[in-house]
file final-v2.csv (CSV, C-alpha atoms and all ligand atoms)
chain,number,residue,atom,x,y,z
A,1246,MET,CA,6.4,10.1,17.5
A,1247,ALA,CA,7.5,8.7,20.9
A,1248,GLU,CA,6.8,5.0,21.3
A,1249,SER,CA,4.6,5.6,24.3
A,1250,GLU,CA,2.3,7.8,22.2
A,1251,SER,CA,1.5,5.1,19.8
A,1252,LYS,CA,-1.6,2.9,20.4
A,1253,PHE,CA,-0.3,0.6,17.6
A,1254,PRO,CA,3.2,-0.6,18.1
A,1255,PRO,CA,5.2,-2.1,15.3
A,1256,ARG,CA,3.9,-5.5,14.1
A,1257,ARG,CA,5.8,-8.6,13.0
A,1258,LEU,CA,5.8,-9.4,9.4
A,1259,GLY,CA,4.6,-13.0,9.1
A,1260,LEU,CA,7.1,-15.3,10.9
A,1261,SER,CA,10.1,-13.2,9.9
A,1262,ASP,CA,12.2,-10.9,12.1
A,1263,VAL,CA,11.0,-7.8,10.2
A,1264,TYR,CA,8.7,-5.4,12.0
A,1265,VAL,CA,6.5,-2.7,10.3
A,1266,SER,CA,4.5,0.2,11.5
A,1267,PRO,CA,0.7,-0.4,10.9
A,1268,VAL,CA,0.5,2.8,9.0
A,1269,ALA,CA,3.1,2.5,6.2
A,1270,MET,CA,3.8,5.0,3.5
A,1271,GLY,CA,2.9,3.9,-0.1
A,1272,CYS,CA,5.4,5.4,-2.4
A,1273,TRP,CA,3.5,5.2,-5.7
A,1274,PRO,CA,2.2,8.8,-5.7
A,1275,ILE,CA,5.7,10.2,-5.4
A,1276,ALA,CA,6.6,8.4,-8.7
A,1277,GLY,CA,4.5,11.1,-10.4
A,1278,MET,CA,3.1,8.7,-13.0
A,1279,THR,CA,-0.7,9.1,-12.2
A,1280,SER,CA,-0.7,11.7,-9.4
A,1281,LEU,CA,-0.6,15.3,-10.5
A,1282,GLU,CA,1.7,18.1,-9.2
A,1283,VAL,CA,4.4,15.8,-7.9
A,1284,ASP,CA,7.8,17.3,-7.5
A,1285,ASP,CA,10.9,16.1,-5.7
A,1286,ALA,CA,10.9,18.8,-3.0
A,1287,SER,CA,7.4,17.8,-1.9
A,1288,SER,CA,8.1,14.1,-2.2
A,1289,ARG,CA,11.2,14.5,0.0
A,1290,ALA,CA,9.2,16.5,2.5
A,1291,THR,CA,6.6,13.8,2.6
A,1292,LEU,CA,9.1,11.0,3.2
A,1293,ARG,CA,10.7,13.0,6.0
A,1294,GLU,CA,7.4,13.8,7.6
A,1295,ALA,CA,6.4,10.2,7.5
A,1296,LEU,CA,9.5,9.3,9.6
A,1297,ARG,CA,8.8,12.2,12.0
A,1298,CYS,CA,5.3,10.9,12.5
A,1299,GLY,CA,6.3,7.4,13.4
A,1300,VAL,CA,5.9,5.7,10.1
A,1301,THR,CA,8.7,3.2,9.8
A,1302,HIS,CA,7.7,1.0,6.8
A,1303,PHE,CA,7.9,2.3,3.2
A,1304,ASP,CA,6.5,0.5,0.2
A,1305,THR,CA,8.0,1.1,-3.3
A,1306,ALA,CA,8.5,-1.0,-6.4
A,1307,TYR,CA,10.9,-1.3,-9.4
A,1308,CYS,CA,8.2,0.2,-11.7
A,1309,TYR,CA,7.3,3.2,-9.5
A,1310,GLY,CA,8.5,5.8,-11.9
A,1311,ALA,CA,9.7,5.3,-15.5
A,1312,ALA,CA,13.3,5.1,-14.3
A,1313,GLY,CA,13.0,4.2,-10.6
A,1314,GLU,CA,12.1,7.7,-9.3
A,1315,SER,CA,10.3,6.4,-6.2
A,1316,GLU,CA,13.1,4.0,-5.2
A,1317,ARG,CA,15.7,6.8,-5.7
A,1318,LEU,CA,13.8,9.2,-3.5
A,1319,VAL,CA,13.2,6.6,-0.8
A,1320,GLY,CA,16.9,5.7,-0.7
A,1321,GLU,CA,18.0,9.3,-0.6
A,1322,CYS,CA,15.6,10.4,2.2
A,1323,LEU,CA,15.8,7.3,4.4
A,1324,ARG,CA,19.6,6.7,4.2
A,1325,ASP,CA,20.4,8.3,7.5
A,1326,ALA,CA,17.5,6.4,9.2
A,1327,ARG,CA,18.1,3.1,7.5
A,1328,HIS,CA,18.5,1.2,10.9
A,1329,ALA,CA,15.1,2.4,12.0
A,1330,VAL,CA,13.0,1.7,9.0
A,1331,THR,CA,11.9,-1.3,6.9
A,1332,ILE,CA,11.7,-1.0,3.2
A,1333,ALA,CA,9.7,-3.1,0.7
A,1334,THR,CA,10.2,-3.2,-3.0
A,1335,LYS,CA,8.7,-5.3,-5.8
A,1336,GLY,CA,9.8,-6.8,-9.1
A,1337,GLY,CA,8.1,-8.3,-12.1
A,1338,ILE,CA,6.6,-5.2,-13.7
A,1339,HIS,CA,8.4,-2.6,-15.8
A,1340,TRP,CA,7.7,0.1,-18.4
A,1341,ASN,CA,9.0,-0.4,-21.9
A,1342,GLU,CA,10.4,2.3,-24.2
A,1343,GLN,CA,6.9,3.1,-25.5
A,1344,GLY,CA,5.8,3.8,-21.9
A,1345,GLU,CA,3.7,0.6,-21.8
A,1346,ARG,CA,3.4,-1.5,-18.7
A,1347,VAL,CA,5.1,-4.9,-19.2
A,1348,GLN,CA,4.6,-7.9,-16.9
A,1349,ASP,CA,7.8,-10.0,-16.9
A,1350,ALA,CA,8.6,-12.2,-13.9
A,1351,ARG,CA,11.1,-14.6,-15.4
A,1352,PRO,CA,13.7,-15.5,-12.9
A,1353,ALA,CA,16.5,-13.7,-14.7
A,1354,THR,CA,14.4,-10.5,-14.9
A,1355,LEU,CA,13.5,-10.6,-11.2
A,1356,LYS,CA,17.2,-11.0,-10.2
A,1357,ARG,CA,18.3,-8.2,-12.5
A,1358,GLN,CA,15.6,-5.9,-11.2
A,1359,CYS,CA,16.4,-6.6,-7.6
A,1360,ASP,CA,20.0,-5.6,-8.2
A,1361,GLU,CA,18.9,-2.4,-9.9
A,1362,SER,CA,16.4,-1.6,-7.1
A,1363,LEU,CA,19.2,-2.0,-4.5
A,1364,GLN,CA,21.4,0.2,-6.6
A,1365,ARG,CA,18.7,2.9,-6.9
A,1366,LEU,CA,18.0,2.7,-3.2
A,1367,GLY,CA,21.7,2.7,-2.3
A,1368,PHE,CA,21.2,-0.2,0.2
A,1369,ASP,CA,22.7,-3.7,0.2
A,1370,HIS,CA,19.3,-5.3,1.0
A,1371,VAL,CA,15.6,-4.6,1.4
A,1372,ASP,CA,13.5,-5.9,4.2
A,1373,LEU,CA,10.7,-7.3,2.1
A,1374,LEU,CA,10.8,-8.2,-1.6
A,1375,TYR,CA,7.5,-8.9,-3.4
A,1376,LEU,CA,6.6,-10.5,-6.7
A,1377,HIS,CA,4.5,-7.6,-7.9
A,1378,ALA,CA,2.1,-9.8,-9.7
A,1379,PRO,CA,2.2,-13.4,-11.1
A,1380,ASP,CA,3.3,-13.4,-14.8
A,1381,PRO,CA,0.8,-15.4,-16.8
A,1382,GLN,CA,3.7,-16.6,-19.0
A,1383,VAL,CA,5.8,-17.9,-16.2
A,1384,PRO,CA,4.9,-20.6,-13.6
A,1385,ILE,CA,4.7,-18.9,-10.2
A,1386,ALA,CA,7.0,-21.5,-8.8
A,1387,GLU,CA,9.8,-20.3,-11.2
A,1388,SER,CA,9.3,-16.7,-10.2
A,1389,VAL,CA,9.3,-17.5,-6.5
A,1390,GLY,CA,12.4,-19.7,-7.0
A,1391,ALA,CA,14.3,-16.6,-8.1
A,1392,LEU,CA,13.0,-14.7,-5.0
A,1393,ALA,CA,14.2,-17.6,-2.8
A,1394,GLU,CA,17.7,-17.3,-4.2
A,1395,LEU,CA,17.7,-13.5,-3.5
A,1396,LEU,CA,16.6,-14.3,0.1
A,1397,ALA,CA,19.4,-16.9,0.5
A,1398,GLN,CA,21.9,-14.3,-0.8
A,1399,GLY,CA,20.8,-11.8,1.8
A,1400,LYS,CA,19.4,-9.3,-0.7
A,1401,THR,CA,16.1,-9.3,1.1
A,1402,ARG,CA,15.1,-10.3,4.7
A,1403,SER,CA,11.7,-11.6,3.7
A,1404,LEU,CA,9.5,-12.4,0.8
A,1405,GLY,CA,6.0,-11.3,-0.3
A,1406,LEU,CA,3.5,-11.7,-3.1
A,1407,SER,CA,1.2,-9.1,-4.4
A,1408,ASN,CA,-2.0,-9.5,-6.4
A,1409,VAL,CA,-2.2,-13.3,-5.8
A,1410,SER,CA,-5.0,-15.8,-5.3
A,1411,VAL,CA,-5.0,-18.3,-2.5
A,1412,ALA,CA,-4.1,-21.1,-5.0
A,1413,GLN,CA,-1.1,-19.1,-6.2
A,1414,LEU,CA,0.0,-18.4,-2.6
A,1415,GLU,CA,-0.2,-22.1,-1.8
A,1416,GLU,CA,1.9,-23.0,-4.8
A,1417,ALA,CA,4.4,-20.3,-3.9
A,1418,ARG,CA,4.7,-21.5,-0.3
A,1419,GLN,CA,5.9,-24.9,-1.6
A,1420,VAL,CA,9.0,-23.1,-2.9
A,1421,ALA,CA,9.9,-20.4,-0.3
A,1422,PRO,CA,8.6,-19.0,3.0
A,1423,ILE,CA,6.2,-16.2,2.2
A,1424,SER,CA,5.9,-13.6,5.0
A,1425,ALA,CA,3.4,-11.1,3.4
A,1426,VAL,CA,0.8,-10.7,0.7
A,1427,GLN,CA,-0.3,-7.3,-0.8
A,1428,PRO,CA,-3.8,-7.2,-2.0
A,1429,HIS,CA,-6.1,-4.1,-2.4
A,1430,PHE,CA,-8.5,-3.6,0.5
A,1431,ASN,CA,-10.5,-0.8,1.8
A,1432,MET,CA,-13.9,-0.2,3.4
A,1433,LEU,CA,-15.6,-0.7,0.1
A,1434,GLN,CA,-13.4,-3.3,-1.5
A,1435,ARG,CA,-13.2,-6.3,0.8
A,1436,GLU,CA,-13.2,-9.3,-1.4
A,1437,VAL,CA,-10.1,-10.7,0.3
A,1438,GLU,CA,-12.0,-11.2,3.5
A,1439,ASP,CA,-13.7,-14.2,1.8
A,1440,ASP,CA,-10.6,-16.3,1.3
A,1441,LEU,CA,-7.1,-14.6,1.2
A,1442,LEU,CA,-7.3,-13.0,4.7
A,1443,PRO,CA,-8.5,-16.1,6.5
A,1444,TYR,CA,-5.9,-18.2,4.8
A,1445,CYS,CA,-3.2,-15.7,5.8
A,1446,GLN,CA,-4.3,-15.6,9.4
A,1447,GLN,CA,-4.3,-19.4,9.5
A,1448,HIS,CA,-0.7,-19.5,8.2
A,1449,SER,CA,0.8,-16.5,9.9
A,1450,ILE,CA,1.2,-14.4,6.8
A,1451,SER,CA,0.9,-10.6,7.0
A,1452,ALA,CA,-1.6,-8.7,4.8
A,1453,MET,CA,-0.2,-5.4,3.8
A,1454,VAL,CA,-3.1,-3.7,2.1
A,1455,TYR,CA,-3.1,-1.1,-0.7
A,1456,TRP,CA,-5.7,1.5,-1.6
A,1457,PRO,CA,-6.8,1.9,2.0
A,1458,LEU,CA,-8.0,5.4,1.0
A,1459,MET,CA,-9.5,4.1,-2.2
A,1460,LYS,CA,-7.1,6.3,-4.1
A,1461,GLY,CA,-8.1,9.4,-2.2
A,1462,LEU,CA,-11.9,9.0,-2.2
A,1463,LEU,CA,-11.9,7.8,1.5
A,1464,ALA,CA,-9.7,10.8,2.5
A,1465,GLY,CA,-13.0,12.6,2.4
A,1466,LYS,CA,-11.7,15.8,0.7
A,1467,LEU,CA,-12.9,15.2,-2.8
A,1468,PRO,CA,-16.2,17.1,-3.0
A,1469,ARG,CA,-19.2,15.6,-4.8
A,1470,GLU,CA,-18.9,18.1,-7.6
A,1471,HIS,CA,-15.1,17.4,-8.1
A,1472,VAL,CA,-14.0,17.2,-11.7
A,1473,PHE,CA,-10.8,15.3,-12.3
A,1474,ALA,CA,-8.1,17.3,-14.1
A,1475,PRO,CA,-6.9,15.8,-17.4
A,1476,GLY,CA,-4.1,13.3,-16.6
A,1477,ASP,CA,-5.5,12.4,-13.2
A,1478,GLY,CA,-5.2,8.6,-13.3
A,1479,ARG,CA,-8.3,8.1,-11.1
A,1480,ALA,CA,-10.8,9.2,-13.7
A,1481,LYS,CA,-10.7,5.8,-15.4
A,1482,TYR,CA,-12.0,3.8,-12.4
A,1483,PRO,CA,-15.7,3.1,-12.2
A,1484,MET,CA,-15.7,4.0,-8.5
A,1485,PHE,CA,-15.1,7.6,-9.5
A,1486,GLN,CA,-17.8,7.7,-12.2
A,1487,GLY,CA,-21.6,8.3,-12.5
A,1488,GLU,CA,-23.9,6.5,-10.1
A,1489,GLU,CA,-21.0,4.8,-8.3
A,1490,TRP,CA,-19.5,8.1,-7.5
A,1491,GLN,CA,-22.8,9.5,-6.1
A,1492,ARG,CA,-23.2,6.4,-3.9
A,1493,ASN,CA,-19.6,6.6,-2.7
A,1494,GLN,CA,-20.1,10.2,-1.8
A,1495,ASP,CA,-23.3,9.3,0.2
A,1496,PHE,CA,-21.1,6.8,2.1
A,1497,VAL,CA,-18.3,9.3,2.7
A,1498,ASP,CA,-21.0,11.8,4.0
A,1499,GLU,CA,-21.6,9.3,6.8
A,1500,LEU,CA,-17.9,9.1,7.5
A,1501,ARG,CA,-17.7,12.9,7.5
A,1502,ALA,CA,-20.4,13.1,10.1
A,1503,LEU,CA,-18.7,10.5,12.4
A,1504,ALA,CA,-15.3,12.1,11.9
A,1505,LYS,CA,-16.7,15.5,12.9
A,1506,GLU,CA,-18.3,14.0,16.0
A,1507,LEU,CA,-15.0,12.5,17.0
A,1508,GLY,CA,-12.9,15.6,16.2
A,1509,ARG,CA,-10.8,13.5,13.8
A,1510,SER,CA,-10.3,13.7,10.0
A,1511,VAL,CA,-12.1,11.2,7.7
A,1512,THR,CA,-8.6,9.8,6.7
A,1513,GLU,CA,-7.8,9.1,10.4
A,1514,VAL,CA,-11.1,7.3,10.9
A,1515,VAL,CA,-10.7,5.2,7.8
A,1516,ILE,CA,-7.1,4.2,8.5
A,1517,ASN,CA,-7.9,3.5,12.1
A,1518,TRP,CA,-10.7,1.2,11.1
A,1519,THR,CA,-8.4,-0.5,8.6
A,1520,ILE,CA,-5.5,-1.3,11.0
A,1521,GLN,CA,-8.0,-2.7,13.6
A,1522,ARG,CA,-9.4,-5.2,11.0
A,1523,GLY,CA,-8.5,-8.8,11.8
A,1524,GLY,CA,-5.7,-10.2,9.6
A,1525,ILE,CA,-4.4,-6.8,8.4
A,1526,THR,CA,-0.9,-6.0,9.4
A,1527,ALA,CA,-0.5,-2.6,7.8
A,1528,ALA,CA,-2.3,-0.1,5.6
A,1529,LEU,CA,-0.1,1.2,2.8
A,1530,CYS,CA,-1.1,4.9,2.7
A,1531,GLY,CA,-0.2,6.7,-0.5
A,1532,ALA,CA,0.9,10.3,-0.1
A,1533,LYS,CA,2.6,13.0,-2.1
A,1534,ARG,CA,2.3,15.8,0.4
A,1535,ASP,CA,3.5,16.0,4.0
A,1536,TYR,CA,0.1,16.8,5.5
A,1537,GLN,CA,-1.4,13.7,3.9
A,1538,ILE,CA,1.0,11.2,5.5
A,1539,ARG,CA,0.8,13.2,8.8
A,1540,GLU,CA,-3.0,12.7,8.8
A,1541,SER,CA,-2.7,9.0,8.0
A,1542,ALA,CA,0.0,8.5,10.7
A,1543,LEU,CA,-2.3,10.2,13.3
A,1544,ALA,CA,-4.5,7.1,13.1
A,1545,MET,CA,-1.8,5.2,15.1
A,1546,ARG,CA,-2.4,7.4,18.2
A,1547,TRP,CA,-6.0,6.5,19.1
A,1548,ARG,CA,-8.6,3.7,18.7
A,1549,LEU,CA,-12.1,3.7,17.4
A,1550,SER,CA,-14.3,1.9,20.0
A,1551,GLN,CA,-16.1,-1.3,19.1
A,1552,ASP,CA,-19.4,0.7,18.9
A,1553,GLN,CA,-17.9,3.1,16.5
A,1554,ILE,CA,-16.5,0.3,14.4
A,1555,ALA,CA,-20.0,-1.3,14.3
A,1556,GLN,CA,-21.5,2.0,13.3
A,1557,ILE,CA,-19.1,2.2,10.3
A,1558,ASP,CA,-19.8,-1.4,9.4
A,1559,ARG,CA,-23.5,-0.6,9.2
A,1560,ALA,CA,-22.7,2.3,6.9
A,1561,ILE,CA,-20.6,0.0,4.7
A,1562,GLU,CA,-23.6,-2.4,4.5
A,1563,ARG,CA,-25.9,0.3,3.5
A,1564,ARG,CA,-23.5,1.3,0.7
A,1565,GLY,CA,-23.5,-2.2,-0.6
A,1566,PRO,CA,-20.9,-3.8,-3.0
A,1567,ILE,CA,-19.2,-1.5,-5.4
A,1568,ALA,CA,-18.3,-1.9,-9.1
A,1569,THR,CA,-14.6,-2.7,-9.0
A,1570,ARG,CA,-11.9,-3.6,-11.4
A,1571,ALA,CA,-8.9,-5.8,-11.0
A,1572,ALA,CA,-5.9,-3.7,-9.9
A,1573,VAL,CA,-2.2,-4.2,-10.5
N,1601,LIG,N1,0.8,-4.0,-5.3
N,1601,LIG,C1,0.2,-3.3,-6.1
N,1601,LIG,O1,-0.2,-3.7,-7.3
N,1601,LIG,C2,-0.2,-1.9,-5.7
N,1601,LIG,C3,-1.2,-1.2,-6.5
N,1601,LIG,C4,-1.5,0.1,-6.0
N,1601,LIG,C5,-0.9,0.6,-4.9
N,1601,LIG,N2,0.1,-0.1,-4.2
N,1601,LIG,C6,0.8,0.5,-3.0
N,1601,LIG,O2,-0.2,0.9,-2.1
N,1601,LIG,C7,0.0,2.3,-1.9
N,1601,LIG,C8,-1.4,3.0,-1.7
N,1601,LIG,O3,-2.1,3.1,-2.9
N,1601,LIG,P1,-2.4,4.5,-3.6
N,1601,LIG,O4,-1.3,5.4,-3.2
N,1601,LIG,O5,-2.7,4.2,-5.0
N,1601,LIG,O6,-3.8,4.9,-3.0
N,1601,LIG,P2,-4.4,5.3,-1.5
N,1601,LIG,O7,-3.4,5.2,-0.4
N,1601,LIG,O8,-5.7,4.7,-1.4
N,1601,LIG,O9,-4.6,6.9,-1.8
N,1601,LIG,C9,-3.6,7.8,-1.9
N,1601,LIG,C10,-4.0,9.1,-2.4
N,1601,LIG,O10,-5.0,9.6,-1.6
N,1601,LIG,C11,-4.9,11.0,-1.5
N,1601,LIG,N3,-4.6,11.3,0.0
N,1601,LIG,C12,-3.8,10.7,0.8
N,1601,LIG,N4,-3.9,11.2,2.1
N,1601,LIG,C13,-4.7,12.2,2.0
N,1601,LIG,C14,-5.2,13.2,2.9
N,1601,LIG,N5,-4.8,13.2,4.1
N,1601,LIG,N6,-6.0,14.1,2.4
N,1601,LIG,C15,-6.4,14.2,1.1
N,1601,LIG,N7,-6.0,13.3,0.2
N,1601,LIG,C16,-5.2,12.3,0.6
N,1601,LIG,C17,-3.7,11.5,-2.3
N,1601,LIG,O11,-4.2,11.8,-3.6
N,1601,LIG,P3,-4.2,13.2,-4.2
N,1601,LIG,O12,-3.3,14.1,-3.4
N,1601,LIG,O13,-3.7,13.0,-5.6
N,1601,LIG,O14,-5.7,13.6,-4.2
N,1601,LIG,C18,-2.9,10.1,-2.4
N,1601,LIG,O15,-2.1,10.1,-3.6
N,1601,LIG,C19,0.7,2.8,-3.1
N,1601,LIG,O16,1.4,4.1,-2.8
N,1601,LIG,C20,1.7,1.7,-3.3
N,1601,LIG,O17,2.8,1.7,-2.4
N,1601,LIG,C21,0.4,-1.3,-4.6
call {"tool": "encode", "arguments": {"input": "final-v2.csv", "output": "structure tokens"}}
result
Amino acid sequence: MAESESKFPPRRLGLSDVYVSPVAMGCWPIAGMTSLEVDDASSRATLREALRCGVTHFDTAYCYGAAGESERLVGECLRDARHAVTIATKGGIHWNEQGERVQDARPATLKRQCDESLQRLGFDHVDLLYLHAPDPQVPIAESVGALAELLAQGKTRSLGLSNVSVAQLEEARQVAPISAVQPHFNMLQREVEDDLLPYCQQHSISAMVYWPLMKGLLAGKLPREHVFAPGDGRAKYPMFQGEEWQRNQDFVDELRALAKELGRSVTEVVINWTIQRGGITAALCGAKRDYQIRESALAMRWRLSQDQIAQIDRAIERRGPIATRAAV
């Protein structure tokens, strides 16, 4: 996308010299761990389409894939465009031989995982390195101390923390400069607006939000009668079950009507609303197909008016708080 066509130019990550597109590609679905029908050819096409559509920030992690499948694909597909993109990865979570998720953010583990991530990506540095989540067994200052060493060694250009509270962020900032946080946030899950987002705005820290499409619900294409196929990771979340599902569909119906009136897709409306929200630097939009990231990227080409935003905010209020579950 030509620069002039974008209504949302790249944004600065905290006080660093890293810039990110407000619509970024979330590279969890291409790991194929919870998304169905993932194959390398479609994943490559999705990454290339993201670039073509003006997406210049890509979010992956050490644990996206049992053996780093996401990082490998990101490295392979973005190698030729390395100068034009910024890449984030995360350390501190991995899968053991039994396929169980293990949280380990000891300093030695974080340093080893960073080296492995760089090897998989085929790059000598990333632009943003996150602690994926604080490890309850390790003081956060120790984990962040390791990240600070990696920053000093030039293995990353900036640091971030995912899934943290304000207290943990404050503690971490005593040890190293933190440019970004990564919490979940979408129209129906806005807890971070109470404390984390205001704190980040006050201290010039970027919020890079995950689940902007509520794992696909807010893409508006899952019909009310949808039955999740066995193995679809979404079925386990309360938001996709029973009464919550019905109420979420009532809400999405309101978005469908507005999108139709605007001649846009529901995805575009949702992402446009998200990247206009105060304190949010980028929406990490998960995708496993090229048309999905194309739709999300279109949200950078126009703006909802203040009246339209207010209309959406009233619909969110009518929906009320949702039953949620801590992510990670
Ligand atoms: N830090 C953390 O702990 C953490 C946790 C979760 C995620 N993340 C990051 O945030 C990113 C976003 O989260 P996410 O991928 O789980 O959820 P998401 O962005 O809310 O939803 C992505 C899913 O929505 C569906 N979708 C996307 N665009 C669509 C379109 N145009 N039309 C129809 N369906 C569409 C696809 O699902 P289907 O095609 O399968 O229907 C896609 O896999 C991740 O990829 C990852 O980079 C970070």
call {"tool": "residues_near_ligand", "arguments": {"input": "final-v2.csv", "ligand": "ligand LIG 1601 (chain N)", "cutoff": "6 Å", "atoms": "all atoms listed in the file", "output": "list in words"}}
result
Gly1271, Cys1272, Trp1273, Pro1274, Ser1280, Asp1304, Thr1305, His1377, Ser1407, Gln1427, Tyr1455, Trp1456, Pro1457, Leu1458, Met1459, Lys1460, Gly1461, Ala1464, Lys1466, Thr1512, Leu1529, Cys1530, Gly1531, Ala1532, Lys1533, Gln1537, Ile1538, Glu1540 and Val1573 of chain A
call {"tool": "atom_distance", "arguments": {"input": "final-v2.csv", "atom1": "CA of Ala1290 in chain A", "atom2": "CA of Asp1535 in chain A"}}
result
5.9 Å
call {"tool": "residues_around", "arguments": {"input": "final-v2.csv", "residues": "range 1312-1314 of chain A", "least_positions_apart": "2", "cutoff": "9 Å", "atoms": "only C-alpha atoms", "output": "short mmCIF file (atom, residue, chain, number, x, y, z; two decimals) with C-alpha atoms, in the coordinates of the input"}}
result
data_model
loop_
_atom_site.label_atom_id
_atom_site.label_comp_id
_atom_site.auth_asym_id
_atom_site.auth_seq_id
_atom_site.Cartn_x
_atom_site.Cartn_y
_atom_site.Cartn_z
CA ILE A 1275 5.70 10.20 -5.40
CA ALA A 1276 6.60 8.40 -8.70
CA GLY A 1277 4.50 11.10 -10.40
CA ALA A 1306 8.50 -1.00 -6.40
CA TYR A 1307 10.90 -1.30 -9.40
CA CYS A 1308 8.20 0.20 -11.70
CA TYR A 1309 7.30 3.20 -9.50
CA GLY A 1310 8.50 5.80 -11.90
CA GLU A 1316 13.10 4.00 -5.20
CA ARG A 1317 15.70 6.80 -5.70
CA LEU A 1318 13.80 9.20 -3.50
CA VAL A 1319 13.20 6.60 -0.80
CA TRP A 1340 7.70 0.10 -18.40
CA GLU A 1361 18.90 -2.40 -9.90
CA SER A 1362 16.40 -1.60 -7.10
CA ARG A 1365 18.70 2.90 -6.90
#
call {"tool": "residues_around", "arguments": {"input": "final-v2.csv", "residues": "Arg1479 in chain A", "least_positions_apart": "2", "cutoff": "10 Å", "atoms": "all atoms listed in the file", "output": "ChimeraX atom specification"}}
result
/A:1279-1280,1459-1462,1473-1474,1476-1477,1481-1486
call {"tool": "residues_around", "arguments": {"input": "final-v2.csv", "residues": "Val1515 in chain A", "least_positions_apart": "3", "cutoff": "10 Å", "atoms": "only C-alpha atoms", "output": "PyMOL selection string"}}
result
chain A and resi 1431-1432+1457-1458+1463-1465+1500+1504+1510-1512+1518-1520+1541+1544+1549+1557
call {"tool": "atom_distance", "arguments": {"input": "final-v2.csv", "atom1": "CA of Glu1562 in chain A", "atom2": "CA of Glu1470 in chain A"}}
result
24.3 Å
call {"tool": "residues_around", "arguments": {"input": "final-v2.csv", "residues": "Glu1321 in chain A", "least_positions_apart": "5", "cutoff": "10 Å", "atoms": "all atoms listed in the file", "output": "number ranges by chain"}}
result
A: 1289, 1292, 1315-1316, 1365-1367
call {"tool": "atom_distance", "arguments": {"input": "final-v2.csv", "atom1": "CA of Ile1561 in chain A", "atom2": "CA of His1471 in chain A"}}
result
22.3 Å
call {"tool": "closest_residue", "arguments": {"input": "final-v2.csv", "among": "A:Thr1401, A:Asn1517, A:Ser1388, A:Gln1348", "to": "Thr1334 in chain A", "atoms": "all atoms listed in the file"}}
result
A:Thr1401
call {"tool": "closest_residue", "arguments": {"input": "final-v2.csv", "among": "A:Cys1322, A:Met1453, A:Val1389, A:Ile1567", "to": "Glu1436 in chain A", "atoms": "only C-alpha atoms"}}
result
A:Ile1567
call {"tool": "residues_around", "arguments": {"input": "final-v2.csv", "residues": "Pro1352 in chain A", "least_positions_apart": "5", "cutoff": "12 Å", "atoms": "all atoms listed in the file", "output": "PyMOL selection string"}}
result
chain A and resi 1336-1337+1357-1359+1376+1379-1380+1382-1395
call {"tool": "closest_residue", "arguments": {"input": "final-v2.csv", "among": "A:Glu1489, A:Glu1513, A:Asp1372, A:Asp1439", "to": "Val1330 in chain A", "atoms": "all atoms listed in the file"}}
result
A:Asp1372
call {"tool": "closest_residue", "arguments": {"input": "final-v2.csv", "among": "A:Val1437, A:Ser1251, A:Ala1311, A:Glu1499", "to": "Gln1343 in chain A", "atoms": "all atoms listed in the file"}}
result
A:Ala1311
call {"tool": "closest_residue", "arguments": {"input": "final-v2.csv", "among": "A:Leu1363, A:Ala1417, A:Ile1525, A:Ala1425", "to": "Lys1400 in chain A", "atoms": "only C-alpha atoms"}}
result
A:Leu1363
